[in-house]
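Q: After the structure tokens below, expect a handful of questions from me.
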2 protein chains.
Amino acid sequence: MRRLMIKPELCKVDTALGIIVGKWKPTILLHLLVEDTLRFNALKRKIPDITQRMLTKQLRELEEEGLVSRTVYPVVPPKVEYTITPYGKKLEPILHAMHEWGKAHIERKSQPSTEE
Amino acid sequence: MRRLMIKPELCKVDTALGIIVGKWKPTILLHLLVEDTLRFNALKRKIPDITQRMLTKQLRELEEEGLVSRTVYPVVPPKVEYTITPYGKKLEPILHAMHEWGKAHIERKSQPSTEE
DNA sequence: CAGTATCCTAGCGGATACTG
DNA sequence: CAGTATCCGCTAGGATACTG
């Protein structure tokens, strides 16, 4: 048993959630955690269902929070690369933990026999 | 450096997020992690800004996912207790990690000098 | 005490078309 | 290639009033 216990009223979980929540944000972050750097269209190809508008929006928001950095190369045709920042990488353990929990949750639902 | 790396397309982060996201869900969970069991109105007093409607809704959703259990005592006036399940307790490390990350994020924003 | 029942709205996310 | 610009529907969440 750990002894932590956050004071619920001072809790910053919502702060963290406010930043990683977004229909495509976790997916984008995961891709950038794997590839480190990706061009706009490369990212778009990896997330087939996303629209250009949404990809742009979610990337801008991630950029604004410092999780992702955007590099524009002044060439034609345009070339823009998105990279996960060292700071963004700090989310990895959390994303991983959530992934594991999510997996367990799905398994749990499929087998009602499981107790707890 | 850890070697995990989730396949983004098979990722269950969204599953987890789908369950803990909700304006008041983290707060409710945190309170129940501290107190273990609380009556409806006790919870309401601890979360002054929540409306009855919202408290009921969020609790029902947490209950449906098995994170919280609801016990009705057939007395008048009514007495209903909400308890965090052992399963719900498994979220604690994740909530704690998010809290820490959120705190760091706030500090980071207040001091632009910090690198990464 | 522990809820429902109604009504309402902000904003997230989608569809589609256009552009430097 | 990497975006904007519009338009639009849905639903999470809030305000308020009522009840067994």
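A note on labels: chains of the structure tokens are A, B, ... as shown, every chain counts residues from 1, and ligands are counted from 1 in their shown order.
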With a cut-off of 9 Å, could you pull out the residues of chain D touching chain B and give me the nearest pair of atoms for each, distance in Å to one decimal, using only C-alpha atoms (C1' of nucleotides), ordered by chain and ascending number, as CSV?
A:
residue,atom,partner,partner_atom,distance
D:DA12,C1',B:Gly22,CA,8.3
D:DG13,C1',B:Met54,CA,7.7
D:DG14,C1',B:Thr51,CA,8.1
Q: If you run DSSP on the backbone, which residues of chain A are helix (DSSP H, G or I), as a ChimeraX atom specification?
A: /A:8-10,13-20,25-35,40-46,52-64,86-89,92-110
Q: If you run DSSP over the backbone, which residues in chain B end up strand (DSSP E)? Put them as a list in words.
A: Thr37, Leu38, Arg39, Val68, Ser69, Arg70, Thr71, Val72, Tyr73, Lys79, Val80, Glu81, Tyr82, Thr83 and Ile84 of chain B
Q: Kindly determine which residues of chain C lie within 8 Å of chain B, considering only C-alpha atoms (C1' of nucleotides), and give the answer as a PDB file with N, CA, C and O atoms (P, O5', C5', C4', C3', O3' and C1' of nucleotides), in the first residue's frame.
A:
ATOM      1  P    DC C   1     -29.731  15.784   4.571  1.00  0.00           P
ATOM      2  O5'  DC C   1     -30.323  14.422   3.985  1.00  0.00           O
ATOM      3  C5'  DC C   1     -29.909  13.213   4.588  1.00  0.00           C
ATOM      4  C4'  DC C   1     -30.182  12.150   3.580  1.00  0.00           C
ATOM      5  C3'  DC C   1     -29.246  12.219   2.362  1.00  0.00           C
ATOM      6  O3'  DC C   1     -28.804  10.889   2.133  1.00  0.00           O
ATOM      7  C1'  DC C   1     -31.511  12.371   1.647  1.00  0.00           C
ATOM      8  P    DA C   2     -27.625  10.612   1.148  1.00  0.00           P
ATOM      9  O5'  DA C   2     -28.413  10.388  -0.214  1.00  0.00           O
ATOM     10  C5'  DA C   2     -29.266   9.264  -0.329  1.00  0.00           C
ATOM     11  C4'  DA C   2     -30.051   9.365  -1.593  1.00  0.00           C
ATOM     12  C3'  DA C   2     -29.200   9.568  -2.861  1.00  0.00           C
ATOM     13  O3'  DA C   2     -29.627   8.674  -3.875  1.00  0.00           O
ATOM     14  C1'  DA C   2     -30.909  11.151  -2.780  1.00  0.00           C
ATOM     15  P    DG C   3     -28.602   8.368  -5.066  1.00  0.00           P
ATOM     16  O5'  DG C   3     -28.616   9.729  -5.933  1.00  0.00           O
ATOM     17  C5'  DG C   3     -29.273   9.756  -7.170  1.00  0.00           C
ATOM     18  C4'  DG C   3     -30.766   9.913  -6.961  1.00  0.00           C
ATOM     19  C3'  DG C   3     -31.516  10.211  -8.242  1.00  0.00           C
ATOM     20  O3'  DG C   3     -31.845   9.011  -8.875  1.00  0.00           O
ATOM     21  C1'  DG C   3     -32.306  11.536  -6.395  1.00  0.00           C
TER      22       DG C   3
END
Q: Residues within 12 Å of DA5 of chain C, please, as a list in words. Count only C-alpha atoms (C1' of nucleotides); anything in the same chain fewer than 4 positions from it doesn't count.
A: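 In the requested format, the answer is Arg53 of chain B; DT16, DA17, DC18 and DT19 of chain D.
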Q: For chain A, list the residues within 9 Å of chain B, counting only C-alpha atoms, and write the list as a ChimeraX atom specification.
A: /A:4-9,11-17,19,21,23,26-31,33-34,46-47,65-66,85-88,90-103,105-106,109,115-116
Q: Give me a file of those residues, with C-alpha atoms, as a JSON list (two decimals), in the first residue's frame.
A:
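Resulting contents of selection-v9.json:
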[["chain", "number", "residue", "atom", "x", "y", "z"],
["A", 4, "LEU", "CA", 0.65, 9.11, -1.34],
["A", 5, "MET", "CA", -2.95, 10.38, -1.37],
["A", 6, "ILE", "CA", -3.40, 13.57, -3.26],
["A", 7, "LYS", "CA", -5.56, 16.23, -1.71],
["A", 8, "PRO", "CA", -8.46, 16.02, -4.12],
["A", 9, "GLU", "CA", -9.08, 19.74, -4.02],
["A", 11, "CYS", "CA", -5.32, 17.86, -7.56],
["A", 12, "LYS", "CA", -3.79, 18.54, -10.94],
["A", 13, "VAL", "CA", -5.11, 15.49, -12.71],
["A", 14, "ASP", "CA", -7.54, 17.70, -14.58],
["A", 15, "THR", "CA", -4.68, 19.87, -15.74],
["A", 16, "ALA", "CA", -2.97, 16.85, -17.24],
["A", 17, "LEU", "CA", -6.18, 15.55, -18.74],
["A", 19, "ILE", "CA", -3.78, 18.59, -22.28],
["A", 21, "VAL", "CA", -7.53, 14.78, -24.09],
["A", 23, "LYS", "CA", -9.94, 12.89, -30.11],
["A", 26, "PRO", "CA", -2.96, 10.34, -27.82],
["A", 27, "THR", "CA", -2.68, 8.74, -31.24],
["A", 28, "ILE", "CA", -0.55, 11.57, -32.55],
["A", 29, "LEU", "CA", 1.69, 11.46, -29.50],
["A", 30, "LEU", "CA", 2.10, 7.72, -29.78],
["A", 31, "HIS", "CA", 3.15, 7.98, -33.40],
["A", 33, "LEU", "CA", 6.95, 8.64, -29.67],
["A", 34, "VAL", "CA", 7.65, 5.83, -32.09],
["A", 46, "LYS", "CA", -0.64, 6.91, -40.36],
["A", 47, "ILE", "CA", -3.99, 8.12, -39.06],
["A", 65, "GLU", "CA", 1.61, 23.03, -24.66],
["A", 66, "GLY", "CA", 5.19, 22.29, -25.64],
["A", 85, "THR", "CA", 9.89, 17.34, -27.50],
["A", 86, "PRO", "CA", 11.87, 15.88, -24.59],
["A", 87, "TYR", "CA", 9.15, 17.31, -22.44],
["A", 88, "GLY", "CA", 6.49, 15.48, -24.45],
["A", 90, "LYS", "CA", 7.77, 12.54, -20.28],
["A", 91, "LEU", "CA", 4.17, 11.59, -20.98],
["A", 92, "GLU", "CA", 5.23, 8.21, -22.24],
["A", 93, "PRO", "CA", 5.02, 6.30, -18.97],
["A", 94, "ILE", "CA", 1.57, 7.70, -18.37],
["A", 95, "LEU", "CA", 0.35, 6.81, -21.83],
["A", 96, "HIS", "CA", 1.80, 3.37, -21.41],
["A", 97, "ALA", "CA", 0.10, 2.89, -18.06],
["A", 98, "MET", "CA", -3.20, 4.02, -19.51],
["A", 99, "HIS", "CA", -2.78, 1.65, -22.42],
["A", 100, "GLU", "CA", -2.21, -1.27, -20.07],
["A", 101, "TRP", "CA", -5.14, -0.30, -17.94],
["A", 102, "GLY", "CA", -7.34, 0.08, -21.01],
["A", 103, "LYS", "CA", -6.34, -3.34, -22.26],
["A", 105, "HIS", "CA", -10.43, -3.13, -18.84],
["A", 106, "ILE", "CA", -11.42, -4.56, -22.20],
["A", 109, "LYS", "CA", -15.45, -6.75, -19.74],
["A", 115, "GLU", "CA", -13.69, -10.85, -9.81],
["A", 116, "GLU", "CA", -12.78, -7.29, -8.90]]
Q: Kindly indicate which residue among A:Lys44, A:Leu59, A:Lys89, A:Asp36 lies nearest to DC1 of chain D, using only C-alpha atoms (C1' of nucleotides) for the distances.
A: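 Among the listed residues, the smallest separation from DC1 of chain D belongs to A:Lys44.
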